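J.: The structure is given below, and queries will be raised subsequently.
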Amino acid sequence: MRIYLDHNATTPPRPEVVEGMATALRERWGNPSSTHAEGAHARAALERAREQVAGLLGVAAREVIFTSGATEANNLALHGVLAASPGRHVVTTTIEHPSVEEPLCALEEQGVRVTRVPVDAAGRLDPEAVAAALRDDTALLSVILANNETGVVQDAAKLAEAAHARGVPVHFDATQAVGKLPLDAVALGADLLSGTAHKLNGPKGAGFLLDRGRVPRPALLRGGPQERRRRGGTENVAGVVGLGLACALAHAELEPRRRHVSALRDALWAGIAARVPRVRRNGDPAHTLPNTLSVEFEGANGEVLLEALDLEGVAVSAGAACHSGSIEPSSVLRALGRTREQARGTLRFSVGPSNTAAEIERVLELLPELVARVREAGA
Amino acid sequence: MSGARVVVGMSGGVDSSLAAALLVEQGCEVIGVTMHLAGGSSRCCSLDDADDARRVAEQLGIRFFVANYTREFRAEVMLPFADAYLAGRTPLPCATCNSRFKFDHLLARARALGAEQVATGHYARVGRDAESGRPTLRAARDRAKDQSYFLFGLGPAQLERARFPLGELSKDEVRARARALGLATADKPESQELCFVPDGDTGAAVERLRPERAPGPGEIVDEAGRVLGRHAGVHRFTVGQRRGLGVSGTAPLYVTALDAARNRVLVAERRGLDARSGRVERVSWVSGAAPSAPFRASVRIRYRHEGAEALVTPSADGGAELAFREPVRALAPGQAAVFYRGDEVLGGGPLAGRAA
């Protein structure tokens with residue numbers, strides 16, 4: 001039996017989601033833009049899903065733009081706002097996901113200035129430092145709400161408050177937070193917020209950008225009237241149905257899920273700290289996603305430890321970003337002040353609702369020996 | 001050996017693909033590892049090749065990983081390669097890569113993964129010495145494909161844990177079996193050049209690796225000290241080279257020595273290349289220790305060399321003196337001299353520069 005502890009990478013779709021999508025593929029195959037009954041039937045499924053996403057995040061359904069995922073949502077937010085705003089400056093952080101960092105690099109080549117506010121050793125942003133980086137020509141503040149590698153959660157409301165005081169709109173990349181934390185986009189002060197279905201037991205290929213209507217209307221893919229002209233192209237109806245169902249399930253189960261995964265995560269860390277020497281937890285434990293545990297195993301190669309665990313049936317992630325199939329030490333951990341070697345020795349465990357205490361115990365039985373073996377081999 | 005966990009270094013070529021397949025047939029728990037060594041542009045080490053290896057691993061139903069060694073490869077193979085050319089030598093990076101990467105690094109990784117053995121698609125064989133019981137390194141049955149020359153750097157600790165499943169097969173047999181198994185790489189063309197110099201232009205590669213140290217143009221000088229022409233830098237030449245000099249004498253001229261300090265290429269007629277003696281630096285002995293007395297061996301001075309009979313005298317500094325029975329042509333400093341007794345590899349090391 002495999003033990004899957006990599007839910008920040010992706011999650012297994014819930015059976016209800018798979019069922020709903022299969023039904024949608026069979027029965028809601030019409031084009032939602034068509035006037036006839038087949039089209040209307042598909043359109044109704046789409047709008048139901050829009051309500052489910054909006055319900056999870058406390059916004060109005062019309063504020064939800066469906067995309068192919070969070071990468072597209074982030075690109076839409078950044079390119080869209082910068083194309084439509086007079087401001088030529090963006091404030092962001094040193095710990096963004098590549099789906100924010102790379103569009104910003106592309107914008108820099110077009111003359112946009114980007115200020116990347118650093119985080120402290122615990123992975124947190126200082127709202128005052130963010131406020132100090134805002135300028136009169138700042139078009140957007142874009143912040144990763146919960147980091148994918150460390151799980152560290154930022155004080156979103158404070159950041160938004162600082163930005164709004166300067167009249168700057170705020171984009172949160174909430175990909176990792178959606179479904180794991182109670183998120184009220186209105187209370188957080190988000191003007192734009194990105195998310196994706198496959199991080200919360202939905203399918204790949206369906207995501208969203210919330211646009212609360214306070215920025216110039218961003219659009220990226222042109223080619224049709226869909227999504228109120230914000231995202232052309234015939235909608236991925238089955239995917240969106242899956243996204244909606246995943247959001248509805250997360251909404252209904254959020255608290256029990258949160259308690260369950262955080263109890264497992266805490267047990268995992270307590271066990272590792274007790275049984276494996278020379279370990280250190282990354283990120284501020286008081287402000288971390290309930291399911292995420294980033295651990296540095298000093299003197300061990302995380303890439304090799306990942307493989308050793310995999311061969312014993314345990315799936316985790318290295319403290320590293322996968323670039324074209326090969327692993328480079330994580331720039332996020334480097335931004336927390338970790339050395340290249342420390343980043344190399346890091347594993348990320350991310351728990352999901354379907355994990356059990358017995359699985360965590362099994363991992364704790366395996367880890368001490370595997371870590372010792374990897375350290376000893378010096379691989 | 002059934003059920004044993006074995007790591008197979010998979011380059012994405014047909015040889016290592018079949019090596020993995022043969023071990024699967026033998027009942028081993030095979031783990032395929034592609035070592036990502038050079039940047040994305042190179043051929044044998046590129047990630048396209050990793051994709052080929054991954055496809056084969058999927059066909060075989062084995063686990064597969066890509067292991068990133070690009071930093072180590074640059075430091076331990078690519079930069080020393082450039083430095084050797086800049087010092088007027090002709091390096092043999094594949095030998096370093098085989099002992100350091102295909103074995104030291106990959107063996108360490110195998111141990112970390114709970115595997116006791118590493119296999120590769122090299123054409124070579126591991127035997128056992130009847131008297132001492134220690135492992136021996138032998139040439140492959142297919143002498144045309146034999147790669148034992150590149151493996152002289154392996155010692156007993158590595159050979160104990162090495163497997164070469166192709167050692168008894170010919171290349172044609174390998175292709176035929178790979179086709180019969182339907183392996184995705186069965187008809188993939190052979191890689192010829194150095195993996196990190198896919199276009200074969202070593203001079204340009206050296207200049208890319210060490211741009212600050214490229215010597216620039218220098219003189220081509222004959223035995224009498226006459227300047228015959230100009231060249232684009234000593235790192236672009238190899239002892240024994242005839243083509244590309246752009247100078248002519250009454251008879252064809254060959255590079256006989258490279259004077260890196262003065263950035264000079266020395267040329268002479270063919271007999272100027274002949275040598276009866278040579279010196280090997282830092283000999284790596286397959287048995288793990290230098291023989292106590294001089295011995296006769298067939299010495300190969302480059303990969304395709306058939307071997308020349310010589311008396312090999314180990315020296316106290318870890319090297320060896322070579323006295324050839326007949327003159328040999330073009331002892332290129334930096335190339336490996338590898339000592340054979342029959343098909344057994346005894347050891348080898350880089351040829352030293354000749355005393356000027």
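A note on labels: chains of the structure tokens are A, B, ... as shown, every chain counts residues from 1, and ligands are counted from 1 in their shown order.
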So that I can see what lies close to range 184-197 of chain A, please list as a ChimeraX atom specification the residues with an atom at most 9 Å from it, counting only C-alpha atoms and leaving out residues fewer than 4 positions away in the same chain.
T.: /A:56-59,67-74,77,142,155-161,164,169-178,201-215,239-240,242-244,246-247
J.: Can you spit out the residues from that selection as a compact mmCIF listing (two decimals), in the first residue's frame, using N, CA and C atoms?
T.:
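See result-v8.txt below for the written result:
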```txt
# COMPACT_ATOMS: atom_id res chain seq x y z
N LEU A 56 -17.54 28.87 -1.22
CA LEU A 56 -16.39 28.52 -0.38
C LEU A 56 -15.61 29.76 0.03
N LEU A 57 -15.60 30.79 -0.85
CA LEU A 57 -14.72 31.94 -0.62
C LEU A 57 -15.47 33.20 -0.22
N GLY A 58 -16.80 33.07 -0.05
CA GLY A 58 -17.59 34.20 0.45
C GLY A 58 -17.72 35.35 -0.52
N VAL A 59 -17.76 35.05 -1.80
CA VAL A 59 -17.93 36.13 -2.79
C VAL A 59 -19.18 35.86 -3.62
N THR A 67 -10.69 29.32 -15.10
CA THR A 67 -9.46 29.24 -15.90
C THR A 67 -9.04 27.77 -15.97
N SER A 68 -7.91 27.53 -16.62
CA SER A 68 -7.40 26.16 -16.71
C SER A 68 -6.67 25.74 -15.45
N GLY A 69 -6.48 26.67 -14.53
CA GLY A 69 -5.77 26.34 -13.30
C GLY A 69 -5.20 27.59 -12.68
N ALA A 70 -4.41 27.42 -11.64
CA ALA A 70 -3.86 28.58 -10.93
C ALA A 70 -2.79 29.28 -11.76
N THR A 71 -2.05 28.54 -12.56
CA THR A 71 -1.02 29.19 -13.38
C THR A 71 -1.66 30.18 -14.34
N GLU A 72 -2.74 29.74 -14.97
CA GLU A 72 -3.43 30.68 -15.87
C GLU A 72 -4.04 31.83 -15.08
N ALA A 73 -4.59 31.52 -13.91
CA ALA A 73 -5.20 32.58 -13.10
C ALA A 73 -4.16 33.62 -12.70
N ASN A 74 -2.97 33.16 -12.31
CA ASN A 74 -1.91 34.09 -11.93
C ASN A 74 -1.45 34.92 -13.13
N ALA A 77 -4.11 37.48 -13.82
CA ALA A 77 -4.08 38.57 -12.85
C ALA A 77 -2.95 39.54 -13.16
N SER A 142 1.10 41.57 -5.23
CA SER A 142 0.79 40.16 -5.45
C SER A 142 1.57 39.32 -4.45
N ASP A 155 -0.02 37.24 6.72
CA ASP A 155 -1.11 37.99 7.33
C ASP A 155 -1.81 38.79 6.23
N ALA A 156 -2.68 38.11 5.52
CA ALA A 156 -3.25 38.67 4.29
C ALA A 156 -4.01 39.97 4.56
N ALA A 157 -4.82 39.98 5.61
CA ALA A 157 -5.67 41.14 5.86
C ALA A 157 -4.82 42.39 6.10
N LYS A 158 -3.75 42.22 6.87
CA LYS A 158 -2.86 43.37 7.15
C LYS A 158 -2.19 43.87 5.88
N LEU A 159 -1.77 42.92 5.04
CA LEU A 159 -1.09 43.31 3.80
C LEU A 159 -2.06 44.07 2.89
N ALA A 160 -3.30 43.56 2.81
CA ALA A 160 -4.29 44.20 1.95
C ALA A 160 -4.62 45.60 2.48
N GLU A 161 -4.69 45.69 3.78
CA GLU A 161 -5.00 46.99 4.40
C GLU A 161 -3.94 48.03 4.03
N HIS A 164 -4.35 48.89 0.30
CA HIS A 164 -5.54 49.69 0.01
C HIS A 164 -5.38 51.12 0.53
N PRO A 169 -4.41 47.80 -5.54
CA PRO A 169 -5.16 46.55 -5.46
C PRO A 169 -4.25 45.36 -5.12
N VAL A 170 -4.90 44.29 -4.61
CA VAL A 170 -4.15 43.16 -4.09
C VAL A 170 -4.56 41.87 -4.78
N HIS A 171 -3.54 41.10 -5.18
CA HIS A 171 -3.77 39.75 -5.71
C HIS A 171 -3.14 38.75 -4.75
N PHE A 172 -3.96 37.77 -4.33
CA PHE A 172 -3.40 36.67 -3.55
C PHE A 172 -3.37 35.41 -4.40
N ASP A 173 -2.19 34.78 -4.45
CA ASP A 173 -2.10 33.43 -5.00
C ASP A 173 -2.44 32.50 -3.84
N ALA A 174 -3.69 32.05 -3.82
CA ALA A 174 -4.20 31.26 -2.69
C ALA A 174 -4.27 29.78 -3.04
N THR A 175 -3.50 29.37 -4.03
CA THR A 175 -3.56 28.00 -4.53
C THR A 175 -3.49 26.96 -3.42
N GLN A 176 -2.56 27.16 -2.48
CA GLN A 176 -2.39 26.15 -1.42
C GLN A 176 -3.37 26.35 -0.28
N ALA A 177 -3.91 27.53 -0.15
CA ALA A 177 -4.76 27.82 1.02
C ALA A 177 -6.21 27.41 0.79
N VAL A 178 -6.67 27.45 -0.47
CA VAL A 178 -8.08 27.17 -0.75
C VAL A 178 -8.40 25.72 -0.36
N ASN A 201 -8.68 17.99 -3.94
CA ASN A 201 -9.36 16.77 -4.33
C ASN A 201 -10.30 16.95 -5.51
N GLY A 202 -9.97 17.90 -6.36
CA GLY A 202 -10.68 18.08 -7.62
C GLY A 202 -9.78 17.66 -8.77
N PRO A 203 -10.22 17.92 -10.00
CA PRO A 203 -9.43 17.49 -11.16
C PRO A 203 -8.36 18.51 -11.55
N LYS A 204 -7.38 18.07 -12.31
CA LYS A 204 -6.44 18.99 -12.93
C LYS A 204 -7.11 19.66 -14.13
N GLY A 205 -6.65 20.87 -14.44
CA GLY A 205 -7.18 21.54 -15.62
C GLY A 205 -8.36 22.45 -15.36
N ALA A 206 -8.68 22.68 -14.10
CA ALA A 206 -9.78 23.60 -13.78
C ALA A 206 -9.37 24.44 -12.58
N GLY A 207 -9.43 25.74 -12.75
CA GLY A 207 -9.09 26.66 -11.67
C GLY A 207 -9.90 27.92 -11.82
N PHE A 208 -9.52 28.93 -11.05
CA PHE A 208 -10.32 30.16 -11.11
C PHE A 208 -9.50 31.35 -10.69
N LEU A 209 -9.94 32.51 -11.15
CA LEU A 209 -9.49 33.78 -10.61
C LEU A 209 -10.72 34.49 -10.07
N LEU A 210 -10.68 34.87 -8.80
CA LEU A 210 -11.73 35.74 -8.29
C LEU A 210 -11.36 37.16 -8.68
N ASP A 211 -12.32 37.87 -9.25
CA ASP A 211 -12.08 39.27 -9.56
C ASP A 211 -13.21 40.06 -8.92
N ARG A 212 -12.88 40.80 -7.88
CA ARG A 212 -13.92 41.48 -7.12
C ARG A 212 -14.29 42.80 -7.78
N GLY A 213 -13.78 43.05 -8.97
CA GLY A 213 -14.26 44.18 -9.75
C GLY A 213 -13.66 45.51 -9.37
N ARG A 214 -12.53 45.48 -8.66
CA ARG A 214 -11.95 46.75 -8.24
C ARG A 214 -10.63 47.06 -8.98
N VAL A 215 -10.35 46.26 -9.99
CA VAL A 215 -9.19 46.56 -10.84
C VAL A 215 -9.71 46.68 -12.26
N GLY A 239 -14.57 19.68 -16.09
CA GLY A 239 -13.56 20.11 -15.14
C GLY A 239 -14.11 21.11 -14.14
N VAL A 240 -14.89 22.05 -14.66
CA VAL A 240 -15.47 23.07 -13.79
C VAL A 240 -16.48 22.44 -12.83
N GLY A 242 -16.22 19.47 -11.65
CA GLY A 242 -15.36 18.85 -10.63
C GLY A 242 -14.84 19.88 -9.65
N LEU A 243 -14.42 21.03 -10.16
CA LEU A 243 -13.95 22.11 -9.30
C LEU A 243 -15.05 22.53 -8.32
N GLY A 244 -16.25 22.71 -8.86
CA GLY A 244 -17.36 23.14 -8.01
C GLY A 244 -17.66 22.13 -6.91
N ALA A 246 -15.61 19.90 -5.67
CA ALA A 246 -14.49 19.88 -4.71
C ALA A 246 -14.62 21.04 -3.74
N CYS A 247 -15.03 22.21 -4.24
CA CYS A 247 -15.20 23.37 -3.37
C CYS A 247 -16.37 23.16 -2.40
```
J.: Should the cut-off be 6 Å, what would the residue list for chain A against chain B look like, counting only C-alpha atoms, as a ChimeraX atom specification?
T.: /A:308,326,373-374,377,379
J.: Do you know which residues are at most 7 Å from Arg163 in chain B counting only C-alpha atoms, after dropping those on the same chain fewer than 2 positions away, and could you put them as a PyMOL selection string?
T.: chain B and resi 118-120+161+165
J.: Those residues you just picked out, can you put them in a file as a short mmCIF file (atom, residue, chain, number, x, y, z; two decimals), in the first residue's frame with N, CA and C atoms?
T.:
```cif
data_model
loop_
_atom_site.label_atom_id
_atom_site.label_comp_id
_atom_site.auth_asym_id
_atom_site.auth_seq_id
_atom_site.Cartn_x
_atom_site.Cartn_y
_atom_site.Cartn_z
N VAL B 118 25.49 -1.90 -8.66
CA VAL B 118 25.23 -0.97 -9.75
C VAL B 118 25.56 -1.68 -11.06
N ALA B 119 24.68 -1.58 -12.01
CA ALA B 119 24.93 -2.15 -13.33
C ALA B 119 24.93 -1.04 -14.36
N THR B 120 25.69 -1.24 -15.43
CA THR B 120 25.70 -0.29 -16.54
C THR B 120 25.68 -1.06 -17.84
N ARG B 161 30.84 -4.64 -6.61
CA ARG B 161 29.43 -4.25 -6.66
C ARG B 161 28.99 -3.85 -8.06
N PRO B 165 25.94 -6.43 -17.63
CA PRO B 165 25.16 -7.52 -18.24
C PRO B 165 25.44 -7.74 -19.72
#
```
J.: Enumerate as an NGL selection string all residues of range 141-308 of chain A assigned to helix (DSSP H, G or I) by DSSP on the backbone, naming them with the chain letters and numbers the document uses.
T.: :A and (156-165 or 185-188 or 197-200 or 226-229 or 237-275 or 285-287 or 302-308)
J.: Neighbours of range 277-285 of chain B within 9 Å (only C-alpha atoms; same-chain residues fewer than 6 positions away dropped), as a VMD selection string?
T.: chain B and resid 152 to 155 291 310 314 317 to 324 327 to 328 331 336 to 337 345 to 354
J.: To one decimal place, how far is CA of Val351 in chain A from CA of Gly302 in chain A in Å?
T.: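 Separation of CA of Val351 in chain A and CA of Gly302 in chain A: 18.2 Å.
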J.: Can you list, as a list in words, every protein, DNA or RNA residue that comes within 9 Å of Pro135 in chain B when you count only C-alpha atoms, leaving out same-chain residues fewer than 5 positions away?
T.: Val126, Gly127, Arg128, Asp129, Gly155, Pro156, Ala157, Leu159, Glu160, Val286 and Ser287 of chain B
J.: Skipping near chain neighbours, those fewer than 5 positions away, what residues fall within 9 Å of range 276-293 of chain A using only C-alpha atoms, listed as a JSON list (two decimals) with N, CA and C atoms, in the first residue's frame?
T.:
```
[["chain", "number", "residue", "atom", "x", "y", "z"],
["A", 7, "HIS", "N", 0.30, 16.11, -0.73],
["A", 7, "HIS", "CA", -0.95, 16.77, -1.13],
["A", 7, "HIS", "C", -0.78, 18.22, -1.55],
["A", 8, "ASN", "N", 0.40, 18.82, -1.29],
["A", 8, "ASN", "CA", 0.61, 20.17, -1.83],
["A", 8, "ASN", "C", 0.99, 20.12, -3.31],
["A", 121, "ALA", "N", 13.41, 34.76, 8.58],
["A", 121, "ALA", "CA", 13.91, 33.37, 8.60],
["A", 121, "ALA", "C", 12.77, 32.38, 8.83],
["A", 122, "ALA", "N", 11.64, 32.87, 9.36],
["A", 122, "ALA", "CA", 10.49, 31.99, 9.57],
["A", 122, "ALA", "C", 9.56, 31.99, 8.36],
["A", 123, "GLY", "N", 9.92, 32.75, 7.32],
["A", 123, "GLY", "CA", 9.13, 32.73, 6.10],
["A", 123, "GLY", "C", 8.02, 33.76, 6.05],
["A", 124, "ARG", "N", 8.00, 34.68, 7.04],
["A", 124, "ARG", "CA", 6.90, 35.65, 7.11],
["A", 124, "ARG", "C", 7.31, 37.01, 6.58],
["A", 146, "ALA", "N", -0.31, 31.31, 1.05],
["A", 146, "ALA", "CA", 0.33, 30.23, 1.82],
["A", 146, "ALA", "C", 1.36, 29.60, 0.89],
["A", 147, "ASN", "N", 2.59, 29.53, 1.36],
["A", 147, "ASN", "CA", 3.65, 29.04, 0.48],
["A", 147, "ASN", "C", 3.57, 27.54, 0.27],
["A", 148, "ASN", "N", 3.78, 27.12, -0.96],
["A", 148, "ASN", "CA", 3.66, 25.70, -1.30],
["A", 148, "ASN", "C", 4.74, 24.84, -0.66],
["A", 149, "GLU", "N", 5.92, 25.40, -0.45],
["A", 149, "GLU", "CA", 7.02, 24.57, 0.06],
["A", 149, "GLU", "C", 7.07, 24.53, 1.57],
["A", 150, "THR", "N", 6.92, 25.69, 2.20],
["A", 150, "THR", "CA", 7.01, 25.73, 3.66],
["A", 150, "THR", "C", 5.65, 25.68, 4.33],
["A", 151, "GLY", "N", 4.61, 26.04, 3.59],
["A", 151, "GLY", "CA", 3.27, 26.12, 4.16],
["A", 151, "GLY", "C", 3.02, 27.39, 4.95],
["A", 152, "VAL", "N", 4.01, 28.29, 5.00],
["A", 152, "VAL", "CA", 3.86, 29.51, 5.80],
["A", 152, "VAL", "C", 2.76, 30.41, 5.22],
["A", 153, "VAL", "N", 1.87, 30.86, 6.13],
["A", 153, "VAL", "CA", 0.72, 31.68, 5.75],
["A", 153, "VAL", "C", 1.00, 33.13, 6.12],
["A", 154, "GLN", "N", 0.74, 34.03, 5.20],
["A", 154, "GLN", "CA", 0.96, 35.46, 5.46],
["A", 154, "GLN", "C", -0.27, 36.11, 6.10],
["A", 155, "ASP", "N", -0.02, 37.24, 6.72],
["A", 155, "ASP", "CA", -1.11, 37.99, 7.33],
["A", 155, "ASP", "C", -1.81, 38.79, 6.23],
["A", 176, "GLN", "N", -2.56, 27.16, -2.48],
["A", 176, "GLN", "CA", -2.39, 26.15, -1.42],
["A", 176, "GLN", "C", -3.37, 26.35, -0.28],
["A", 177, "ALA", "N", -3.91, 27.53, -0.15],
["A", 177, "ALA", "CA", -4.76, 27.82, 1.02],
["A", 177, "ALA", "C", -6.21, 27.41, 0.79],
["A", 180, "LYS", "N", -8.00, 24.44, 2.52],
["A", 180, "LYS", "CA", -7.26, 24.04, 3.73],
["A", 180, "LYS", "C", -7.51, 25.00, 4.88],
["A", 181, "LEU", "N", -7.74, 26.26, 4.55],
["A", 181, "LEU", "CA", -8.00, 27.28, 5.56],
["A", 181, "LEU", "C", -9.35, 27.90, 5.28],
["A", 258, "ARG", "N", -9.44, 20.13, 8.68],
["A", 258, "ARG", "CA", -8.35, 20.91, 9.25],
["A", 258, "ARG", "C", -7.85, 20.25, 10.54],
["A", 259, "ARG", "N", -8.79, 19.84, 11.38],
["A", 259, "ARG", "CA", -8.39, 19.18, 12.63],
["A", 259, "ARG", "C", -7.65, 17.88, 12.35],
["A", 260, "HIS", "N", -8.18, 17.11, 11.40],
["A", 260, "HIS", "CA", -7.60, 15.81, 11.08],
["A", 260, "HIS", "C", -6.17, 15.96, 10.55],
["A", 261, "VAL", "N", -5.98, 16.80, 9.55],
["A", 261, "VAL", "CA", -4.64, 16.89, 8.96],
["A", 261, "VAL", "C", -3.65, 17.54, 9.91],
["A", 262, "SER", "N", -4.11, 18.48, 10.71],
["A", 262, "SER", "CA", -3.14, 19.12, 11.60],
["A", 262, "SER", "C", -2.73, 18.17, 12.71],
["A", 263, "ALA", "N", -3.65, 17.32, 13.17],
["A", 263, "ALA", "CA", -3.27, 16.33, 14.19],
["A", 263, "ALA", "C", -2.23, 15.35, 13.62],
["A", 264, "LEU", "N", -2.44, 14.92, 12.38],
["A", 264, "LEU", "CA", -1.48, 14.00, 11.76],
["A", 264, "LEU", "C", -0.14, 14.68, 11.53],
["A", 265, "ARG", "N", -0.21, 15.90, 11.03],
["A", 265, "ARG", "CA", 1.02, 16.64, 10.77],
["A", 265, "ARG", "C", 1.82, 16.85, 12.07],
["A", 266, "ASP", "N", 1.10, 17.21, 13.15],
["A", 266, "ASP", "CA", 1.79, 17.44, 14.42],
["A", 266, "ASP", "C", 2.40, 16.14, 14.95],
["A", 268, "LEU", "N", 3.43, 13.70, 13.14],
["A", 268, "LEU", "CA", 4.58, 13.41, 12.28],
["A", 268, "LEU", "C", 5.80, 14.20, 12.74],
["A", 269, "TRP", "N", 5.60, 15.47, 12.98],
["A", 269, "TRP", "CA", 6.74, 16.29, 13.42],
["A", 269, "TRP", "C", 7.24, 15.84, 14.80],
["A", 271, "GLY", "N", 7.12, 12.94, 16.10],
["A", 271, "GLY", "CA", 7.83, 11.67, 15.92],
["A", 271, "GLY", "C", 9.19, 11.86, 15.29],
["A", 298, "GLU", "N", 19.64, 17.46, 8.31],
["A", 298, "GLU", "CA", 21.00, 17.94, 8.12],
["A", 298, "GLU", "C", 21.91, 16.82, 7.59],
["A", 299, "GLY", "N", 22.65, 17.15, 6.54],
["A", 299, "GLY", "CA", 23.63, 16.19, 6.03],
["A", 299, "GLY", "C", 23.06, 15.08, 5.17],
["A", 333, "LEU", "N", 13.45, 28.20, 0.01],
["A", 333, "LEU", "CA", 14.22, 27.95, 1.23],
["A", 333, "LEU", "C", 15.45, 28.85, 1.28],
["A", 336, "LEU", "N", 14.54, 32.03, 2.76],
["A", 336, "LEU", "CA", 14.41, 32.00, 4.22],
["A", 336, "LEU", "C", 15.79, 32.02, 4.89],
["A", 346, "THR", "N", 16.23, 19.12, 2.57],
["A", 346, "THR", "CA", 14.87, 19.34, 3.06],
["A", 346, "THR", "C", 13.83, 18.47, 2.35],
["A", 347, "LEU", "N", 12.91, 17.95, 3.15],
["A", 347, "LEU", "CA", 11.75, 17.24, 2.60],
["A", 347, "LEU", "C", 10.48, 17.97, 3.00],
["A", 348, "ARG", "N", 9.50, 17.91, 2.11],
["A", 348, "ARG", "CA", 8.18, 18.46, 2.44],
["A", 348, "ARG", "C", 7.19, 17.31, 2.55],
["A", 349, "PHE", "N", 6.55, 17.25, 3.70],
["A", 349, "PHE", "CA", 5.46, 16.30, 3.89],
["A", 349, "PHE", "C", 4.17, 17.10, 3.84],
["A", 350, "SER", "N", 3.22, 16.72, 3.01],
["A", 350, "SER", "CA", 1.94, 17.43, 3.03],
["A", 350, "SER", "C", 0.81, 16.41, 3.11],
["A", 351, "VAL", "N", 0.11, 16.50, 4.23],
["A", 351, "VAL", "CA", -0.90, 15.52, 4.61],
["A", 351, "VAL", "C", -2.22, 15.86, 3.94],
["A", 352, "GLY", "N", -3.04, 14.85, 3.71],
["A", 352, "GLY", "CA", -4.36, 15.08, 3.15],
["A", 352, "GLY", "C", -5.44, 14.43, 4.00],
["A", 353, "PRO", "N", -6.70, 14.76, 3.70],
["A", 353, "PRO", "CA", -7.81, 14.26, 4.52],
["A", 353, "PRO", "C", -7.88, 12.73, 4.57],
["A", 367, "LEU", "N", 11.51, 6.18, 8.67],
["A", 367, "LEU", "CA", 12.39, 7.34, 8.48],
["A", 367, "LEU", "C", 13.76, 7.26, 9.16],
["A", 368, "PRO", "N", 13.83, 6.87, 10.46],
["A", 368, "PRO", "CA", 15.15, 6.91, 11.10],
["A", 368, "PRO", "C", 16.19, 6.08, 10.34],
["A", 369, "GLU", "N", 15.80, 4.90, 9.91],
["A", 369, "GLU", "CA", 16.76, 4.03, 9.22],
["A", 369, "GLU", "C", 17.12, 4.61, 7.85],
["A", 371, "VAL", "N", 16.98, 7.74, 6.82],
["A", 371, "VAL", "CA", 17.79, 8.96, 6.95],
["A", 371, "VAL", "C", 19.23, 8.57, 7.28],
["A", 372, "ALA", "N", 19.39, 7.61, 8.19],
["A", 372, "ALA", "CA", 20.74, 7.17, 8.57],
["A", 372, "ALA", "C", 21.46, 6.59, 7.35]]
```
J.: Write out as a PyMOL selection string all residues of range 106-209 of chain A that backbone DSSP assigns to strand (DSSP E).
T.: chain A and resi 113-117+138-144+170-173+192-196+207-209
J.: Taking 6 positions as the minimum chain separation for residues in the same chain, which residues sit within 7 Å of Val267 in chain B when counting only C-alpha atoms? Answer as an NGL selection string.
T.: :B and (221-223 or 253-256)
J.: What does the file look like for those residues with C-alpha atoms, as a PDB file, in the first residue's frame?
T.:
```pdb
ATOM      1  CA  VAL B 221      57.361  25.544 -34.815  1.00  0.00           C
ATOM      2  CA  ASP B 222      59.427  22.706 -36.305  1.00  0.00           C
ATOM      3  CA  GLU B 223      62.239  20.677 -34.735  1.00  0.00           C
ATOM      4  CA  LEU B 253      53.800  17.158 -40.617  1.00  0.00           C
ATOM      5  CA  TYR B 254      52.368  15.981 -37.308  1.00  0.00           C
ATOM      6  CA  VAL B 255      51.964  17.587 -33.917  1.00  0.00           C
ATOM      7  CA  THR B 256      54.694  16.089 -31.718  1.00  0.00           C
TER       8      THR B 256
END
```
J.: Which of these, A:Val143, A:Ile95, A:Leu125, A:Leu245, has the shortest distance to Ala45 in chain A once you count only C-alpha atoms?
T.: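 Of A:Val143, A:Ile95, A:Leu125, A:Leu245, the one nearest Ala45 in chain A, counting only C-alpha atoms, is A:Leu245.
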J.: Quick one: pull the distance between CA of Thr93 in chain A and CA of Glu303 in chain A, Å, one decimal.
T.: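 Going from CA of Thr93 in chain A over to CA of Glu303 in chain A covers 26.1 Å.
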J.: Could you jot down the CA of His89 in chain A to CA of Leu104 in chain A separation for me, Å, one decimal place?
T.: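 Taking CA of His89 in chain A as the start and CA of Leu104 in chain A as the end point, the length is 10.3 Å.
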J.: Just checking: using only C-alpha atoms, which residue out of B:Ser16, B:Gln117, B:Ser298, B:Thr238 ends up closest to Ala186 in chain B?
T.: B:Ser16
